[in-house]
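Trainee: Dropping in target33.csv, which is CSV, C-alpha atoms:
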```csv
chain,number,residue,atom,x,y,z
A,1,MET,CA,34.3,-3.8,64.9
A,2,PRO,CA,30.5,-4.0,64.7
A,3,ARG,CA,28.5,-4.7,67.8
A,4,ARG,CA,31.4,-4.5,70.2
A,5,SER,CA,29.1,-5.5,73.1
A,6,ALA,CA,28.5,-8.9,71.6
A,7,GLU,CA,32.2,-9.8,71.8
A,8,PRO,CA,32.2,-11.4,75.4
A,9,LEU,CA,29.3,-13.6,74.5
A,10,LEU,CA,30.9,-14.7,71.2
A,11,TRP,CA,34.1,-15.6,73.1
A,12,LEU,CA,32.1,-17.6,75.6
A,13,VAL,CA,30.4,-19.5,72.8
A,14,PHE,CA,33.8,-20.0,71.2
A,15,SER,CA,35.1,-21.6,74.4
A,16,VAL,CA,32.1,-23.8,75.1
A,17,GLY,CA,31.9,-24.8,71.4
A,18,GLY,CA,35.6,-25.6,71.4
A,19,VAL,CA,35.1,-28.1,74.2
A,20,VAL,CA,32.1,-29.7,72.7
A,21,ALA,CA,33.7,-30.0,69.3
A,22,ALA,CA,36.9,-31.5,70.8
A,23,MET,CA,35.0,-34.0,72.9
A,24,LEU,CA,32.5,-35.3,70.3
A,25,ILE,CA,33.5,-34.6,66.7
A,26,PRO,CA,36.7,-36.7,66.4
A,27,SER,CA,35.0,-40.0,67.4
A,28,LEU,CA,31.9,-39.3,65.2
A,29,LEU,CA,34.0,-38.3,62.2
A,30,PHE,CA,36.3,-41.3,62.7
A,31,LEU,CA,33.3,-43.7,62.6
A,32,PHE,CA,31.1,-42.2,59.9
A,33,GLY,CA,33.8,-40.5,57.8
A,34,VAL,CA,36.7,-43.0,57.9
A,35,ALA,CA,36.0,-46.3,59.6
A,36,PHE,CA,32.6,-47.2,58.0
A,37,PRO,CA,33.6,-46.0,54.5
A,38,LEU,CA,36.9,-47.9,54.6
A,39,GLY,CA,35.2,-51.1,55.9
A,40,TRP,CA,37.1,-51.2,59.1
A,41,LEU,CA,33.8,-51.5,61.0
A,42,SER,CA,30.4,-52.4,59.6
A,43,PRO,CA,28.0,-49.5,59.7
A,44,PRO,CA,25.0,-49.6,62.0
A,45,SER,CA,21.6,-50.5,60.6
A,46,HIS,CA,19.2,-47.8,59.5
A,47,GLU,CA,16.7,-48.8,62.1
A,48,HIS,CA,19.3,-48.5,64.9
A,49,LEU,CA,20.4,-45.0,63.8
A,50,LEU,CA,16.8,-43.8,63.4
A,51,ALA,CA,15.9,-45.1,66.9
A,52,LEU,CA,19.0,-43.3,68.2
A,53,LEU,CA,17.9,-40.1,66.5
A,54,ARG,CA,14.4,-40.4,67.9
A,55,HIS,CA,15.6,-40.3,71.4
A,56,PRO,CA,15.1,-36.7,72.8
A,57,LEU,CA,18.4,-36.7,74.6
A,58,THR,CA,20.3,-37.6,71.4
A,59,ARG,CA,18.5,-34.8,69.5
A,60,LEU,CA,19.3,-32.3,72.3
A,61,VAL,CA,23.0,-33.2,72.5
A,62,PHE,CA,23.3,-33.3,68.7
A,63,PHE,CA,21.7,-29.9,68.3
A,64,MET,CA,23.9,-28.4,70.9
A,65,LEU,CA,26.9,-30.0,69.2
A,66,CYS,CA,26.0,-28.5,65.8
A,67,THR,CA,25.1,-25.0,67.1
A,68,LEU,CA,28.0,-24.6,69.5
A,69,SER,CA,30.6,-26.1,67.1
A,70,LEU,CA,29.4,-23.9,64.2
A,71,PHE,CA,29.6,-20.7,66.2
A,72,HIS,CA,33.0,-21.8,67.6
A,73,ALA,CA,34.2,-22.4,64.0
A,74,ALA,CA,32.7,-19.1,62.8
A,75,HIS,CA,34.4,-17.1,65.5
A,76,ARG,CA,37.8,-18.7,65.0
A,77,PHE,CA,37.6,-18.4,61.2
A,78,ARG,CA,36.7,-14.8,61.5
A,79,TYR,CA,39.8,-14.1,63.6
A,80,THR,CA,41.9,-16.3,61.3
A,81,LEU,CA,40.9,-14.0,58.4
A,82,TYR,CA,41.8,-10.9,60.4
A,83,ASP,CA,45.2,-12.2,61.5
A,84,GLY,CA,46.2,-14.2,58.4
A,85,LEU,CA,45.0,-12.0,55.6
A,86,GLN,CA,45.0,-8.5,57.1
A,87,ILE,CA,41.6,-7.6,55.5
A,88,LYS,CA,40.3,-5.5,58.3
A,89,HIS,CA,38.5,-3.3,55.9
A,90,LEU,CA,36.1,-6.2,55.2
A,91,ASN,CA,35.3,-6.6,58.9
A,92,GLU,CA,31.5,-6.2,58.6
A,93,MET,CA,31.1,-8.5,55.6
A,94,ILE,CA,33.2,-11.2,57.3
A,95,PHE,CA,31.2,-10.8,60.5
A,96,VAL,CA,27.9,-11.3,58.7
A,97,LEU,CA,29.2,-14.2,56.5
A,98,CYS,CA,30.7,-16.2,59.5
A,99,TYR,CA,27.9,-15.9,62.0
A,100,GLY,CA,25.3,-15.9,59.3
A,101,GLY,CA,26.7,-19.2,58.1
A,102,ALA,CA,26.7,-20.6,61.7
A,103,LEU,CA,23.1,-19.4,62.2
A,104,ALA,CA,22.0,-21.0,58.9
A,105,GLY,CA,23.6,-24.3,59.9
A,106,SER,CA,22.0,-24.2,63.3
A,107,LEU,CA,18.5,-23.6,61.8
A,108,TRP,CA,19.1,-26.5,59.4
A,109,ALA,CA,20.0,-28.7,62.4
A,110,ALA,CA,16.9,-27.6,64.3
A,111,TYR,CA,14.7,-28.2,61.2
A,112,LEU,CA,16.1,-31.7,60.6
A,113,LEU,CA,15.9,-32.8,64.3
A,114,LEU,CA,12.4,-31.5,64.7
A,115,HIS,CA,11.4,-33.7,61.7
A,116,ALA,CA,13.2,-36.8,63.0
A,117,GLY,CA,10.3,-37.9,65.1
B,1,MET,CA,53.6,5.6,48.6
B,2,SER,CA,52.5,8.8,50.4
B,3,GLU,CA,48.9,7.8,49.8
B,4,ARG,CA,49.5,4.4,51.5
B,5,LEU,CA,51.0,6.1,54.5
B,6,ALA,CA,47.9,8.3,55.0
B,7,PRO,CA,46.0,7.5,58.3
B,8,THR,CA,42.9,5.4,57.9
B,9,GLU,CA,40.3,4.3,60.3
B,10,TYR,CA,42.1,1.2,61.5
B,11,HIS,CA,45.7,2.6,61.1
B,12,PRO,CA,45.8,6.1,62.6
B,13,ARG,CA,49.6,6.3,62.3
B,14,TRP,CA,52.0,4.2,60.4
B,15,PHE,CA,54.7,3.8,63.1
B,16,ARG,CA,54.9,0.1,62.6
B,17,ARG,CA,56.8,-1.9,60.0
B,18,ARG,CA,54.4,-3.3,57.5
B,19,VAL,CA,53.8,-7.0,58.1
B,20,SER,CA,53.8,-9.3,55.1
B,21,THR,CA,50.5,-11.0,54.3
B,22,TYR,CA,52.5,-14.2,54.4
B,23,TRP,CA,53.9,-13.6,57.9
B,24,TRP,CA,52.7,-17.0,59.0
B,25,LEU,CA,55.1,-18.8,56.7
B,26,GLU,CA,58.1,-17.1,58.3
B,27,ARG,CA,58.4,-19.4,61.3
B,28,ARG,CA,57.4,-23.0,62.1
B,29,SER,CA,55.5,-21.8,65.3
B,30,TYR,CA,53.6,-19.2,63.2
B,31,LEU,CA,52.6,-22.0,60.7
B,32,ALA,CA,51.5,-24.3,63.6
B,33,PHE,CA,49.4,-21.4,64.9
B,34,ILE,CA,47.7,-20.8,61.6
B,35,LEU,CA,47.1,-24.6,61.0
B,36,ARG,CA,45.5,-24.8,64.5
B,37,GLU,CA,43.3,-21.8,63.6
B,38,LEU,CA,42.3,-23.3,60.3
B,39,SER,CA,40.8,-26.3,62.1
B,40,SER,CA,37.7,-24.2,62.3
B,41,VAL,CA,37.1,-24.9,58.6
B,42,PHE,CA,37.1,-28.6,59.2
B,43,VAL,CA,35.0,-28.4,62.3
B,44,ALA,CA,32.4,-26.7,60.2
B,45,TRP,CA,32.7,-29.3,57.5
B,46,SER,CA,32.3,-32.1,60.0
B,47,VAL,CA,29.1,-30.6,61.3
B,48,ALA,CA,27.8,-30.3,57.8
B,49,TYR,CA,28.8,-33.9,57.0
B,50,LEU,CA,27.0,-35.2,60.1
B,51,LEU,CA,23.9,-33.1,59.3
B,52,LEU,CA,23.9,-34.7,55.8
B,53,LEU,CA,24.1,-38.1,57.5
B,54,VAL,CA,21.2,-37.2,59.8
B,55,ARG,CA,19.1,-36.0,56.8
B,56,ALA,CA,19.7,-39.2,55.0
B,57,VAL,CA,18.8,-41.3,58.0
B,58,ILE,CA,15.5,-39.4,58.4
B,59,GLN,CA,14.7,-39.7,54.7
B,60,GLY,CA,14.7,-43.4,54.9
B,61,HIS,CA,16.5,-46.7,54.3
B,62,SER,CA,17.5,-46.2,50.7
B,63,ARG,CA,18.8,-42.6,51.3
B,64,TYR,CA,20.9,-43.9,54.1
B,65,ASP,CA,22.4,-46.6,51.8
B,66,GLN,CA,23.1,-43.8,49.2
B,67,PHE,CA,24.8,-41.8,51.8
B,68,LEU,CA,27.0,-44.7,52.8
B,69,ALA,CA,27.9,-45.3,49.2
B,70,TRP,CA,28.7,-41.6,48.7
B,71,SER,CA,30.8,-41.5,51.9
B,72,SER,CA,33.2,-44.1,50.5
B,73,ARG,CA,33.9,-42.2,47.3
B,74,PRO,CA,37.6,-41.3,47.1
B,75,PHE,CA,37.2,-37.5,47.2
B,76,VAL,CA,34.8,-37.6,50.2
B,77,LEU,CA,37.1,-40.0,52.0
B,78,VAL,CA,40.1,-37.7,51.4
B,79,ILE,CA,38.2,-34.7,52.7
B,80,ASN,CA,37.2,-36.7,55.8
B,81,ILE,CA,40.7,-38.0,56.5
B,82,VAL,CA,42.1,-34.5,56.3
B,83,SER,CA,39.2,-33.2,58.4
B,84,LEU,CA,39.8,-35.9,61.0
B,85,SER,CA,43.5,-34.9,61.4
B,86,PHE,CA,42.6,-31.2,61.7
B,87,VAL,CA,39.8,-32.0,64.2
B,88,ALA,CA,42.2,-34.1,66.2
B,89,LEU,CA,44.7,-31.2,66.1
B,90,HIS,CA,42.0,-28.9,67.4
B,91,ALA,CA,41.2,-31.4,70.3
B,92,ILE,CA,44.8,-31.9,71.3
B,93,THR,CA,45.8,-28.2,71.2
B,94,TRP,CA,42.6,-27.3,73.0
B,95,PHE,CA,43.1,-29.8,75.9
B,96,ASN,CA,46.8,-28.8,76.1
B,97,LEU,CA,45.9,-25.2,76.6
B,98,ALA,CA,43.1,-25.9,79.1
B,99,PRO,CA,45.4,-25.4,82.2
B,100,GLN,CA,46.1,-21.8,81.0
B,101,ALA,CA,42.4,-21.1,80.4
B,102,MET,CA,41.0,-22.8,83.5
B,103,VAL,CA,41.9,-21.7,87.0
B,104,ILE,CA,40.2,-24.1,89.4
B,105,ARG,CA,40.6,-23.8,93.1
B,106,VAL,CA,39.8,-26.6,95.6
B,107,LEU,CA,39.9,-25.8,99.3
B,108,GLY,CA,41.7,-22.5,98.5
B,109,LYS,CA,44.5,-24.3,96.5
B,110,ARG,CA,44.9,-24.0,92.8
B,111,VAL,CA,44.5,-27.3,91.0
B,112,PRO,CA,47.8,-28.0,89.2
B,113,GLY,CA,47.9,-27.6,85.4
B,114,PRO,CA,48.8,-31.2,84.5
B,115,LEU,CA,45.8,-32.5,86.5
B,116,ILE,CA,43.5,-30.2,84.6
B,117,MET,CA,45.0,-31.4,81.3
B,118,ALA,CA,44.7,-35.1,82.3
B,119,SER,CA,41.1,-34.7,83.4
B,120,ASN,CA,40.3,-33.2,80.0
B,121,TYR,CA,41.9,-36.2,78.2
B,122,VAL,CA,40.0,-38.6,80.5
B,123,ALA,CA,36.7,-36.8,79.7
B,124,TRP,CA,37.6,-37.0,75.9
B,125,ALA,CA,38.2,-40.8,76.2
B,126,ILE,CA,34.9,-41.3,78.1
B,127,SER,CA,32.8,-39.2,75.7
B,128,SER,CA,34.5,-41.0,72.7
B,129,ALA,CA,33.8,-44.4,74.1
B,130,LEU,CA,30.2,-43.4,74.8
B,131,VAL,CA,29.8,-42.3,71.2
B,132,VAL,CA,31.3,-45.5,69.8
B,133,TRP,CA,29.2,-47.6,72.1
B,134,LEU,CA,25.9,-45.8,71.3
B,135,VAL,CA,26.5,-46.1,67.5
B,136,LEU,CA,27.8,-49.7,67.4
B,137,ARG,CA,25.7,-51.5,70.0
B,138,THR,CA,23.1,-53.8,68.4
```
Let me see the file written as structure tokens.
Mentor:
Amino acid sequence: MPRRSAEPLLWLVFSVGGVVAAMLIPSLLFLFGVAFPLGWLSPPSHEHLLALLRHPLTRLVFFMLCTLSLFHAAHRFRYTLYDGLQIKHLNEMIFVLCYGGALAGSLWAAYLLLHAG
Amino acid sequence: MSERLAPTEYHPRWFRRRVSTYWWLERRSYLAFILRELSSVFVAWSVAYLLLLVRAVIQGHSRYDQFLAWSSRPFVLVINIVSLSFVALHAITWFNLAPQAMVIRVLGKRVPGPLIMASNYVAWAISSALVVWLVLRT
């Protein structure tokens, strides 16, 4: 396993990200992914969402949600591949793809939220 | 066959029975485990979807309307309904395991497991209510 010393930190981020994802993603996905598209609730106005996104606290919480959830997912998916498919010989490539993807998503979130103002 | 049994970096000795690649289909509990672990894919999708929403909101009124139209397309809706069930599976299994993961002591006594689990669910209800209130208030 590459960079063995990083493992405790990755497990810590996995745990914190797991809590954040469990607390916030179901309600957000229910609203924007199911309830608004199906017309159960009427979607908020553009002005309201933009005002919400311009609040520094919203941006901070949303950035933490994205980053921590992505690294949580990357870590879990990496171990799912190890356990489920028994492809340990691809360890290094999987490591780079999982955390690289999470890093790319985090940078995208940072870029978007910095330009929200 | 003798080549397969040769020691490799990760398998110094082949003392163990070889496990099928499809071991997780053998038992219901194994399948539940792998479904729980696969929730990671849908957590990642949810974040990507929310980022697309944020991008559309930042890009302006018409882009936001386009996003709303796109989100009600059948294939997007199906992906999101499946994602929501996996994300809910993640949340429920996560909170149910919390007592095993968290050992909290108050005045030298260990806080009982059911109380830790219940407080997690209460926190989930409060944070969800807060999200809904923030998004829907006019």
Trainee: Neighbours of stretch 10-21 of chain A within 9 Å (all atoms listed in the file; same-chain residues fewer than 6 positions away dropped), as a VMD selection string?
Mentor: (chain A and resid 64 to 76) or (chain B and resid 43 87 90 to 91 94 to 95)
Trainee: Next, write the just-selected residues to a file, as a compact mmCIF listing (two decimals), keeping the file's coordinate frame, keeping C-alpha atoms as the atom set.
Mentor:
```txt
# COMPACT_ATOMS: atom_id res chain seq x y z
CA MET A 64 23.90 -28.40 70.90
CA LEU A 65 26.90 -30.00 69.20
CA CYS A 66 26.00 -28.50 65.80
CA THR A 67 25.10 -25.00 67.10
CA LEU A 68 28.00 -24.60 69.50
CA SER A 69 30.60 -26.10 67.10
CA LEU A 70 29.40 -23.90 64.20
CA PHE A 71 29.60 -20.70 66.20
CA HIS A 72 33.00 -21.80 67.60
CA ALA A 73 34.20 -22.40 64.00
CA ALA A 74 32.70 -19.10 62.80
CA HIS A 75 34.40 -17.10 65.50
CA ARG A 76 37.80 -18.70 65.00
CA VAL B 43 35.00 -28.40 62.30
CA VAL B 87 39.80 -32.00 64.20
CA HIS B 90 42.00 -28.90 67.40
CA ALA B 91 41.20 -31.40 70.30
CA TRP B 94 42.60 -27.30 73.00
CA PHE B 95 43.10 -29.80 75.90
```
Trainee: Write out as a tab-separated table (two decimals) with C-alpha atoms, keeping the file's coordinate frame every residue belonging to chain A that has an atom at most 6 Å from any atom of chain B, counting only C-alpha atoms.
Mentor:
```tsv
chain	number	residue	atom	x	y	z
A	22	ALA	CA	36.90	-31.50	70.80
A	23	MET	CA	35.00	-34.00	72.90
A	27	SER	CA	35.00	-40.00	67.40
A	33	GLY	CA	33.80	-40.50	57.80
A	37	PRO	CA	33.60	-46.00	54.50
A	46	HIS	CA	19.20	-47.80	59.50
A	66	CYS	CA	26.00	-28.50	65.80
A	70	LEU	CA	29.40	-23.90	64.20
A	73	ALA	CA	34.20	-22.40	64.00
A	77	PHE	CA	37.60	-18.40	61.20
A	85	LEU	CA	45.00	-12.00	55.60
A	116	ALA	CA	13.20	-36.80	63.00
```
Trainee: Could you work out how far atom CA of A:Gly105 lies from atom CA of A:Leu60, giving the answer in Å with one decimal?
Mentor: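 These two atoms are separated by 15.4 Å.
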Trainee: At what distance in Å, to one decimal, does atom CA of A:Pro44 lie from atom CA of B:Val122?
Mentor: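 Between atom CA of B:Val122 and atom CA of A:Pro44 the gap works out to 26.2 Å.
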Trainee: Quick one: distance from atom CA of B:Arg110 to atom CA of A:Leu24 in Å, one decimal?
Mentor: 28.1 Å
Trainee: Saving stretch 53-66 of chain B with N, CA and C atoms, as a short mmCIF file (atom, residue, chain, number, x, y, z; two decimals), in the first residue's frame, what would that file be?
Mentor:
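Wrote it out as result_34.cif, contents follow:
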```cif
data_model
loop_
_atom_site.label_atom_id
_atom_site.label_comp_id
_atom_site.auth_asym_id
_atom_site.auth_seq_id
_atom_site.Cartn_x
_atom_site.Cartn_y
_atom_site.Cartn_z
N LEU B 53 -25.68 22.16 -9.68
CA LEU B 53 -26.74 23.11 -9.29
C LEU B 53 -26.13 24.45 -8.91
N VAL B 54 -25.08 24.41 -8.08
CA VAL B 54 -24.44 25.65 -7.63
C VAL B 54 -23.86 26.41 -8.84
N ARG B 55 -23.27 25.68 -9.77
CA ARG B 55 -22.72 26.33 -10.96
C ARG B 55 -23.83 27.03 -11.75
N ALA B 56 -24.96 26.33 -11.90
CA ALA B 56 -26.07 26.91 -12.66
C ALA B 56 -26.60 28.17 -11.97
N VAL B 57 -26.69 28.12 -10.63
CA VAL B 57 -27.19 29.29 -9.89
C VAL B 57 -26.25 30.48 -10.08
N ILE B 58 -24.93 30.21 -10.03
CA ILE B 58 -23.96 31.29 -10.18
C ILE B 58 -24.01 31.87 -11.60
N GLN B 59 -24.25 30.99 -12.60
CA GLN B 59 -24.22 31.45 -13.99
C GLN B 59 -25.45 32.28 -14.37
N GLY B 60 -26.47 32.27 -13.54
CA GLY B 60 -27.58 33.18 -13.81
C GLY B 60 -28.94 32.52 -13.87
N HIS B 61 -29.91 33.38 -14.04
CA HIS B 61 -31.32 32.98 -13.98
C HIS B 61 -31.67 31.90 -15.01
N SER B 62 -31.26 32.12 -16.27
CA SER B 62 -31.67 31.18 -17.33
C SER B 62 -30.97 29.83 -17.17
N ARG B 63 -29.70 29.86 -16.71
CA ARG B 63 -29.00 28.59 -16.47
C ARG B 63 -29.64 27.79 -15.35
N TYR B 64 -30.14 28.52 -14.35
CA TYR B 64 -30.83 27.85 -13.24
C TYR B 64 -32.12 27.19 -13.74
N ASP B 65 -32.85 27.90 -14.61
CA ASP B 65 -34.07 27.31 -15.19
C ASP B 65 -33.74 26.08 -16.03
N GLN B 66 -32.62 26.18 -16.78
CA GLN B 66 -32.19 25.02 -17.58
C GLN B 66 -31.87 23.83 -16.69
#
```
